[in-house]
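Undergrad: Dropping in upload.cif, which is mmCIF, C-alpha atoms:
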data_model
loop_
_atom_site.group_PDB
_atom_site.id
_atom_site.type_symbol
_atom_site.label_atom_id
_atom_site.label_comp_id
_atom_site.auth_asym_id
_atom_site.auth_seq_id
_atom_site.Cartn_x
_atom_site.Cartn_y
_atom_site.Cartn_z
ATOM 1 C CA MET A 23 0.000 0.000 0.000
ATOM 2 C CA ASN A 24 2.908 2.357 0.705
ATOM 3 C CA ARG A 25 4.272 1.777 -2.797
ATOM 4 C CA LEU A 26 0.890 2.702 -4.280
ATOM 5 C CA HIS A 27 0.675 5.826 -2.133
ATOM 6 C CA THR A 28 4.202 6.849 -3.106
ATOM 7 C CA PHE A 29 3.435 6.300 -6.794
ATOM 8 C CA LEU A 30 0.227 8.351 -6.595
ATOM 9 C CA THR A 31 1.909 11.130 -4.615
ATOM 10 C CA ARG A 32 4.762 11.326 -7.080
ATOM 11 C CA ASN A 33 2.548 11.166 -10.201
ATOM 12 C CA LEU A 34 -0.354 13.590 -10.001
ATOM 13 C CA TRP A 35 -1.552 12.516 -13.438
ATOM 14 C CA ALA A 36 -2.299 9.037 -12.015
ATOM 15 C CA GLN A 37 -4.335 10.537 -9.165
ATOM 16 C CA VAL A 38 -6.352 12.609 -11.620
ATOM 17 C CA ALA A 39 -6.879 9.702 -14.023
ATOM 18 C CA LEU A 40 -8.058 7.355 -11.252
ATOM 19 C CA SER A 41 -10.335 10.019 -9.810
ATOM 20 C CA VAL A 42 -11.922 10.771 -13.175
ATOM 21 C CA LEU A 43 -12.408 7.072 -13.937
ATOM 22 C CA GLY A 44 -13.888 6.403 -10.491
ATOM 23 C CA ALA A 45 -16.248 9.374 -10.681
ATOM 24 C CA SER A 46 -17.301 8.366 -14.203
ATOM 25 C CA ALA A 47 -18.058 4.833 -13.035
ATOM 26 C CA LEU A 48 -20.155 6.216 -10.186
ATOM 27 C CA VAL A 49 -22.108 8.494 -12.541
ATOM 28 C CA LEU A 50 -22.690 5.571 -14.905
ATOM 29 C CA LEU A 51 -24.016 3.453 -12.014
ATOM 30 C CA ILE A 52 -26.420 6.175 -10.947
ATOM 31 C CA SER A 53 -27.494 7.127 -14.488
ATOM 32 C CA PRO A 54 -27.038 4.001 -16.646
ATOM 33 C CA GLY A 55 -28.678 5.425 -19.781
ATOM 34 C CA GLU A 56 -25.903 7.935 -20.486
ATOM 35 C CA SER A 57 -23.082 7.421 -22.947
ATOM 36 C CA PRO A 58 -19.804 6.423 -21.258
ATOM 37 C CA THR A 59 -17.855 8.789 -23.509
ATOM 38 C CA ALA A 60 -20.126 11.725 -22.662
ATOM 39 C CA VAL A 61 -19.900 10.964 -18.940
ATOM 40 C CA LEU A 62 -16.109 10.629 -19.050
ATOM 41 C CA THR A 63 -15.780 13.918 -20.931
ATOM 42 C CA ARG A 64 -18.140 15.761 -18.575
ATOM 43 C CA VAL A 65 -16.393 14.439 -15.462
ATOM 44 C CA ALA A 66 -12.955 15.279 -16.878
ATOM 45 C CA PHE A 67 -13.946 18.871 -17.618
ATOM 46 C CA SER A 68 -15.670 19.323 -14.270
ATOM 47 C CA SER A 69 -12.509 18.039 -12.532
ATOM 48 C CA LEU A 70 -10.309 20.808 -13.935
ATOM 49 C CA GLY A 71 -10.949 23.030 -10.903
ATOM 50 C CA GLY A 72 -9.892 20.265 -8.539
ATOM 51 C CA VAL A 73 -6.731 19.652 -10.556
ATOM 52 C CA ALA A 74 -5.881 23.361 -10.384
ATOM 53 C CA VAL A 75 -6.320 23.335 -6.589
ATOM 54 C CA LEU A 76 -4.215 20.172 -6.284
ATOM 55 C CA LEU A 77 -1.394 21.726 -8.328
ATOM 56 C CA ALA A 78 -1.529 24.971 -6.334
ATOM 57 C CA VAL A 79 -1.340 23.105 -3.019
ATOM 58 C CA ARG A 80 1.587 21.010 -4.260
ATOM 59 C CA ARG A 81 3.438 24.128 -5.447
ATOM 60 C CA LYS A 82 2.898 25.900 -2.095
ATOM 61 C CA GLU A 83 4.102 22.871 -0.142
ATOM 62 C CA LYS A 84 7.230 22.613 -2.301
ATOM 63 C CA ARG A 85 7.927 26.305 -1.765
ATOM 64 C CA ALA A 86 7.348 26.060 2.015
ATOM 65 C CA THR A 87 9.667 23.069 2.391
ATOM 66 C CA GLY A 88 12.256 24.136 -0.166
ATOM 67 C CA THR A 89 12.192 20.698 -1.801
ATOM 68 C CA ASP A 90 11.221 19.159 -5.099
ATOM 69 C CA THR A 91 8.530 16.521 -5.713
ATOM 70 C CA THR A 92 10.753 13.664 -4.551
ATOM 71 C CA GLY A 93 11.612 15.496 -1.321
ATOM 72 C CA LEU A 94 7.954 16.250 -0.720
ATOM 73 C CA VAL A 95 7.049 12.577 -1.234
ATOM 74 C CA THR A 96 9.765 11.601 1.254
ATOM 75 C CA LEU A 97 8.489 14.080 3.838
ATOM 76 C CA ASP A 98 4.921 12.891 3.332
ATOM 77 C CA GLY A 99 6.086 9.318 3.876
ATOM 78 C CA ARG A 100 7.742 10.364 7.124
ATOM 79 C CA ILE A 101 4.486 11.919 8.338
ATOM 80 C CA ARG A 102 2.582 8.737 7.453
ATOM 81 C CA SER A 103 5.078 6.463 9.194
ATOM 82 C CA GLY A 104 5.795 8.755 12.151
ATOM 83 C CA ASP A 105 9.536 8.636 11.391
ATOM 84 C CA VAL A 106 11.278 11.768 12.693
ATOM 85 C CA PRO A 107 14.377 12.693 10.660
ATOM 86 C CA THR A 108 17.716 13.351 12.323
ATOM 87 C CA ASP A 109 19.090 15.694 9.650
ATOM 88 C CA PRO A 110 18.463 19.308 10.770
ATOM 89 C CA ALA A 111 17.578 20.519 7.262
ATOM 90 C CA GLU A 112 15.102 17.697 6.757
ATOM 91 C CA ARG A 113 13.632 18.323 10.219
ATOM 92 C CA GLU A 114 13.102 21.968 9.349
ATOM 93 C CA ALA A 115 11.482 21.080 6.019
ATOM 94 C CA LEU A 116 9.214 18.566 7.769
ATOM 95 C CA ARG A 117 8.348 21.132 10.434
ATOM 96 C CA ALA A 118 7.370 23.604 7.687
ATOM 97 C CA LEU A 119 5.256 20.980 5.894
ATOM 98 C CA VAL A 120 3.443 19.981 9.092
ATOM 99 C CA ALA A 121 2.782 23.638 9.946
ATOM 100 C CA LYS A 122 1.480 24.307 6.423
ATOM 101 C CA ARG A 123 -0.866 21.316 6.502
ATOM 102 C CA LEU A 124 -2.121 22.085 10.012
ATOM 103 C CA HIS A 125 -2.804 25.657 8.954
ATOM 104 C CA ARG A 126 -4.785 24.372 5.978
ATOM 105 C CA THR A 127 -7.035 22.328 8.282
ATOM 106 C CA ARG A 128 -8.180 25.298 10.367
ATOM 107 C CA ASN A 129 -11.556 25.528 8.564
ATOM 108 C CA ARG A 130 -12.149 21.777 8.472
ATOM 109 C CA PRO A 131 -15.388 21.740 10.548
ATOM 110 C CA TRP A 132 -16.977 24.420 8.364
ATOM 111 C CA ALA A 133 -15.917 22.659 5.191
ATOM 112 C CA LEU A 134 -17.394 19.367 6.419
ATOM 113 C CA ALA A 135 -20.665 21.075 7.359
ATOM 114 C CA PHE A 136 -20.825 22.700 3.918
ATOM 115 C CA LEU A 137 -20.104 19.346 2.275
ATOM 116 C CA VAL A 138 -22.948 17.660 4.174
ATOM 117 C CA LEU A 139 -25.360 20.486 3.256
ATOM 118 C CA LEU A 140 -24.260 20.372 -0.370
ATOM 119 C CA PHE A 141 -24.722 16.613 -0.660
ATOM 120 C CA GLY A 142 -28.046 16.813 1.177
ATOM 121 C CA GLY A 143 -29.270 19.544 -1.169
ATOM 122 C CA VAL A 144 -28.233 17.575 -4.246
ATOM 123 C CA THR A 145 -30.021 14.507 -2.894
ATOM 124 C CA VAL A 146 -33.224 16.483 -2.281
ATOM 125 C CA LEU A 147 -33.075 18.063 -5.739
ATOM 126 C CA THR A 148 -32.432 14.662 -7.270
ATOM 127 C CA ALA A 149 -35.469 13.264 -5.434
ATOM 128 C CA LEU A 150 -37.588 16.088 -6.845
ATOM 129 C CA THR A 151 -36.356 15.815 -10.434
ATOM 130 C CA ALA A 152 -35.236 12.223 -11.042
ATOM 131 C CA GLY A 153 -36.296 8.681 -10.343
ATOM 132 C CA PRO A 154 -35.803 6.499 -7.289
ATOM 133 C CA ARG A 155 -32.614 4.863 -8.618
ATOM 134 C CA GLU A 156 -30.794 8.198 -8.872
ATOM 135 C CA THR A 157 -32.196 9.368 -5.518
ATOM 136 C CA ILE A 158 -31.049 6.223 -3.721
ATOM 137 C CA GLY A 159 -27.636 6.459 -5.405
ATOM 138 C CA PHE A 160 -27.134 10.064 -4.373
ATOM 139 C CA GLY A 161 -28.500 9.312 -0.891
ATOM 140 C CA ILE A 162 -25.933 6.562 -0.364
ATOM 141 C CA LEU A 163 -23.195 8.837 -1.705
ATOM 142 C CA ALA A 164 -24.427 11.722 0.481
ATOM 143 C CA VAL A 165 -23.966 9.570 3.581
ATOM 144 C CA THR A 166 -20.863 7.527 2.802
ATOM 145 C CA PHE A 167 -18.627 10.179 1.238
ATOM 146 C CA PRO A 168 -18.786 12.800 4.049
ATOM 147 C CA VAL A 169 -18.387 10.060 6.679
ATOM 148 C CA TRP A 170 -15.327 8.695 4.860
ATOM 149 C CA ILE A 171 -13.891 12.235 4.476
ATOM 150 C CA TYR A 172 -14.457 12.878 8.192
ATOM 151 C CA PHE A 173 -12.628 9.759 9.373
ATOM 152 C CA GLN A 174 -9.771 10.110 6.875
ATOM 153 C CA GLY A 175 -9.354 13.760 7.879
ATOM 154 C CA ARG A 176 -9.216 12.847 11.568
ATOM 155 C CA LYS A 177 -6.570 10.224 10.866
ATOM 156 C CA GLN A 178 -4.433 12.710 8.927
ATOM 157 C CA LEU A 179 -4.904 15.378 11.593
ATOM 158 C CA ARG A 180 -3.760 12.960 14.329
ATOM 159 C CA ARG A 181 -0.665 12.114 12.284
ATOM 160 C CA LEU A 182 0.160 15.802 11.849
ATOM 161 C CA HIS A 183 -0.270 16.549 15.552
ATOM 162 C CA ARG A 184 1.868 13.545 16.529
ATOM 163 C CA MET A 185 4.615 14.612 14.126
ATOM 164 C CA ARG A 186 4.514 18.208 15.373
ATOM 165 C CA GLU A 187 4.906 16.981 18.956
ATOM 166 C CA ALA A 188 7.688 14.554 17.978
ATOM 167 C CA LEU A 189 9.564 17.359 16.227
ATOM 168 C CA ARG A 190 9.236 19.545 19.335
ATOM 169 C CA GLU A 191 10.302 16.773 21.744
ATOM 170 C CA GLU A 192 13.392 15.757 19.846
ATOM 171 C CA GLU A 193 14.815 19.233 19.282
ATOM 172 C CA PRO A 194 18.595 19.005 19.065
ATOM 173 C CA GLY A 195 20.249 20.797 21.953
ATOM 174 C CA MET A 196 17.166 20.720 24.178
ATOM 175 C CA ALA A 197 17.720 19.283 27.635
ATOM 176 C CA ALA A 198 15.152 16.810 28.847
#
For the structure just supplied, provide its representation as structure tokens.

TA:
Amino acid sequence: MNRLHTFLTRNLWAQVALSVLGASALVLLISPGESPTAVLTRVAFSSLGGVAVLLAVRRKEKRATGTDTTGLVTLDGRIRSGDVPTDPAEREALRALVAKRLHRTRNRPWALAFLVLLFGGVTVLTALTAGPRETIGFGILAVTFPVWIYFQGRKQLRRLHRMREALREEEPGMAA
């Protein structure tokens, strides 16, 4: 699983391709009468905003840490494994990455609430305008996706807090 994560972190094109294919499959399950080519095209174009955000976040993290993509992947792996580096430069880069990511999570509760309202609204509108198959599909998605996002976000937040504390505890030159 770590090899897959490293590959996806290193190759943004693979993340985008898998996301577009997964979203297209979901749309085809909910609305089976549509053309697969039309669905794939629509999902790809609607994903352009997400790709732009992903690229902007990656660029800001590289700038904050002073590393390239490979260095960023290495630092991300250290956060995931809880491995605190001994090299002072790498520690400082990791400290900057953790601070950047923790700062980005400051509006997490509001974003989750907005996500739940958005999915709920789409489900209600789907119930009013489409058939039961689409309504049930969006209802299941409206429950499972925000719950999954919530638990994954909590896991990542715990990892970031643990790494921040580990970097503070193991400061070189600090007496215990």

Undergrad: My list of candidates is A:Ala111, A:Asn129, A:Ala39, A:Leu163. Which is closest to A:Phe141 when distances are computed with only C-alpha atoms?

TA: A:Leu163

Undergrad: Running the PyMOL selection byres ((chain A and resi 123-125) around 12) on this model by hand, what would come out? Give it as a ChimeraX atom specification.

TA: /A:79-80,82-83,86-87,98,101,116-122,126-130,175-176,178-186

Undergrad: How far is it from atom CA of A:Thr157 to atom CA of A:Thr145, in Å with one decimal?

TA: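 Pair atom CA of A:Thr157 / atom CA of A:Thr145 returns 6.2 Å.
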
Undergrad: Can you spell out as a PyMOL selection string the set of residues that the PyMOL selection byres ((chain A and resi 25-29) around 10) selects in the structure I just provided?

TA: chain A and resi 23-24+30-34+36-37+92+95-96+98-99

Undergrad: Quick one, how far is atom CA of A:Val49 from atom CA of A:Ile171?

TA: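 Computing it gives 19.3 Å between the two atoms.
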
Undergrad: For A:Ala152, which residue among A:Leu40, A:Ala45, A:Leu139, A:Ile52 is the nearest when counting all atoms listed in the file?

TA: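 Comparing A:Leu40, A:Ala45, A:Leu139, A:Ile52 against A:Ala152, the winner is A:Ile52.
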
Undergrad: When the PyMOL selection byres ((chain A and resi 53-64) around 10) is applied to the structure above, which residues does it catch, written out as a PyMOL selection string?

TA: chain A and resi 42-52+65-69+152-153+155-156+159
